[in-house]
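Pasted below: protein13.tsv, TSV, C-alpha atoms.
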```tsv
chain	number	residue	atom	x	y	z
A	1	MET	CA	0.00	0.00	0.00
A	2	ILE	CA	1.23	3.46	-0.86
A	3	SER	CA	-0.22	6.23	1.29
A	4	THR	CA	0.37	9.23	3.48
A	5	ALA	CA	-0.29	9.02	7.22
A	6	GLU	CA	-3.76	10.59	7.35
A	7	GLY	CA	-4.39	11.27	3.70
A	8	PRO	CA	-5.54	9.29	0.73
A	9	HIS	CA	-4.43	5.74	0.03
A	10	VAL	CA	-3.41	4.23	-3.28
A	11	THR	CA	-3.02	0.46	-3.38
A	12	VAL	CA	-1.57	-1.39	-6.36
A	13	LEU	CA	-2.33	-5.09	-6.55
A	14	ALA	CA	-0.66	-7.15	-9.24
A	15	ARG	CA	0.41	-10.75	-9.47
A	16	PRO	CA	3.59	-11.53	-11.36
A	17	ASP	CA	1.88	-14.29	-13.34
A	18	THR	CA	-0.80	-11.98	-14.77
A	19	ARG	CA	-0.61	-8.97	-17.05
A	20	SER	CA	-3.15	-6.89	-15.13
A	21	ALA	CA	-3.23	-4.65	-12.06
A	22	TRP	CA	-5.91	-3.38	-9.68
A	23	ILE	CA	-5.41	0.15	-8.38
A	24	ARG	CA	-7.58	1.04	-5.40
A	25	LEU	CA	-7.99	4.70	-4.46
A	26	VAL	CA	-9.35	5.58	-1.02
A	27	GLY	CA	-10.29	8.94	0.45
A	28	ALA	CA	-10.03	12.43	-1.01
A	29	ILE	CA	-8.08	12.43	-4.27
A	30	ASP	CA	-6.70	15.95	-4.18
A	31	LEU	CA	-3.22	17.49	-3.98
A	32	ALA	CA	-2.46	15.42	-0.88
A	33	ALA	CA	-2.76	12.31	-3.06
A	34	ALA	CA	0.07	13.38	-5.38
A	35	PRO	CA	2.94	11.55	-3.58
A	36	ALA	CA	0.99	8.28	-3.35
A	37	SER	CA	-0.20	8.61	-6.95
A	38	THR	CA	3.33	9.23	-8.23
A	39	ALA	CA	4.63	6.22	-6.31
A	40	ALA	CA	1.84	4.07	-7.77
A	41	ILE	CA	2.72	5.19	-11.31
A	42	ASP	CA	6.39	4.36	-10.66
A	43	ARG	CA	5.42	0.88	-9.42
A	44	LEU	CA	3.17	0.28	-12.42
A	45	ARG	CA	5.91	1.39	-14.78
A	46	VAL	CA	8.05	-1.46	-13.40
A	47	LEU	CA	5.21	-3.99	-13.49
A	48	ALA	CA	4.12	-2.92	-17.00
A	49	PRO	CA	0.64	-4.48	-16.96
A	50	GLU	CA	-1.37	-4.70	-20.16
A	51	THR	CA	-4.58	-3.77	-18.30
A	52	ALA	CA	-5.24	-1.78	-15.14
A	53	VAL	CA	-8.50	-1.26	-13.27
A	54	VAL	CA	-8.77	1.90	-11.17
A	55	ASP	CA	-11.22	1.21	-8.33
A	56	LEU	CA	-12.98	4.40	-7.27
A	57	THR	CA	-15.46	2.74	-4.89
A	58	SER	CA	-13.97	4.29	-1.71
A	59	VAL	CA	-13.16	7.75	-3.10
A	60	THR	CA	-14.82	10.51	-1.08
A	61	PHE	CA	-13.72	13.54	-3.14
A	62	VAL	CA	-12.19	14.02	-6.57
A	63	GLY	CA	-10.15	17.05	-7.56
A	64	SER	CA	-7.91	17.61	-10.54
A	65	ALA	CA	-5.43	15.18	-8.96
A	66	LEU	CA	-7.47	12.27	-10.36
A	67	ALA	CA	-7.20	13.63	-13.89
A	68	ASN	CA	-3.46	14.18	-13.34
A	69	PHE	CA	-3.10	10.61	-12.06
A	70	LEU	CA	-4.94	9.13	-15.05
A	71	ALA	CA	-2.93	11.27	-17.46
A	72	GLY	CA	0.27	10.22	-15.71
A	73	LEU	CA	-0.70	6.57	-16.08
A	74	HIS	CA	-1.36	7.06	-19.77
A	75	CYS	CA	1.96	8.87	-20.31
A	76	ALA	CA	3.92	6.23	-18.39
A	77	LEU	CA	2.18	3.26	-20.04
A	78	PRO	CA	0.50	4.45	-23.26
A	79	GLU	CA	-0.32	0.91	-24.46
A	80	MET	CA	-2.02	-0.11	-21.20
A	81	VAL	CA	-5.81	-0.49	-21.24
A	82	LEU	CA	-7.26	1.57	-18.39
A	83	GLU	CA	-10.67	0.85	-16.89
A	84	LEU	CA	-12.48	2.86	-14.20
A	85	HIS	CA	-14.42	0.79	-11.68
A	86	ASN	CA	-17.44	2.26	-9.90
A	87	PRO	CA	-17.01	5.96	-10.72
A	88	THR	CA	-19.70	7.88	-8.87
```

Before anything else, please render the file you have as structure tokens.
Amino acid sequence: MISTAEGPHVTVLARPDTRSAWIRLVGAIDLAAAPASTAAIDRLRVLAPETAVVDLTSVTFVGSALANFLAGLHCALPEMVLELHNPT
């Protein structure tokens, strides 16, 4: 899990024998989420999954940081298929 002490959490789940990843965002995705989001992108760059699901089920607030995170994912892994799960 990649997170700040009291702030948002970003969890990246990926098995080495699959080509997919599950990214779970929790809490307010605002500027405080930037360090955790950047760390998640760095981890995904190493894992290089073909598909990633971004789980938004537990997100309580979305600011421009979510758009920045998604754009960062696309720039880091342009061939990766990105799916949003439970956007509300």

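With all atoms listed in the file as the basis for measurement, A:Thr57 is the residue among A:Thr38, A:Thr88, A:Thr57, A:Asn68 that approaches A:Val26 most closely.
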
List the residues sitting within 9 Å of (0.3, 13.0, -2.0) in the file's frame, using only C-alpha atoms, as a JSON list (two decimals) with C-alpha atoms, in the coordinates of the input.
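Saved file selection.json follows:
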```json
[["chain", "number", "residue", "atom", "x", "y", "z"],
["A", 3, "SER", "CA", -0.22, 6.23, 1.29],
["A", 4, "THR", "CA", 0.37, 9.23, 3.48],
["A", 7, "GLY", "CA", -4.39, 11.27, 3.70],
["A", 8, "PRO", "CA", -5.54, 9.29, 0.73],
["A", 9, "HIS", "CA", -4.43, 5.74, 0.03],
["A", 29, "ILE", "CA", -8.08, 12.43, -4.27],
["A", 30, "ASP", "CA", -6.70, 15.95, -4.18],
["A", 31, "LEU", "CA", -3.22, 17.49, -3.98],
["A", 32, "ALA", "CA", -2.46, 15.42, -0.88],
["A", 33, "ALA", "CA", -2.76, 12.31, -3.06],
["A", 34, "ALA", "CA", 0.07, 13.38, -5.38],
["A", 35, "PRO", "CA", 2.94, 11.55, -3.58],
["A", 36, "ALA", "CA", 0.99, 8.28, -3.35],
["A", 37, "SER", "CA", -0.20, 8.61, -6.95],
["A", 38, "THR", "CA", 3.33, 9.23, -8.23]]
```

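Atom CA of A:Ile41 is positioned 9.0 Å from atom CA of A:Leu77.
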
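The shortest atom-to-atom distance to A:Leu84, with all atoms listed in the file taken into account, belongs to A:Ala52 out of A:Val59, A:Ala52, A:Leu47, A:Ala67.
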
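Minimum distance to A:Thr51 across A:Met80, A:Thr18, A:His85, A:Thr11 (counting all atoms listed in the file) occurs at A:Met80.
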
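The protein and nucleic acid residues lying at most 12 Å from A:Arg19 are Leu13, Ala14, Arg15, Pro16, Trp22, Leu44, Leu47, Ala48, Pro49, Glu50, Thr51, Ala52, Val53, Met80 and Val81 of chain A, with only C-alpha atoms considered and sequence neighbours fewer than 3 positions away removed.
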
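Interatomic distance, atom CA of A:Asp17 to atom CA of A:Val46: 14.2 Å.
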
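As for atom CA of A:His74 and atom CA of A:Thr60, they are spaced 23.3 Å apart.
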
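For the set A:Gly27, A:Ala40, A:Val12, A:Pro78, the residue with the smallest atom-to-atom gap to A:Val62 is A:Gly27, counting only C-alpha atoms.
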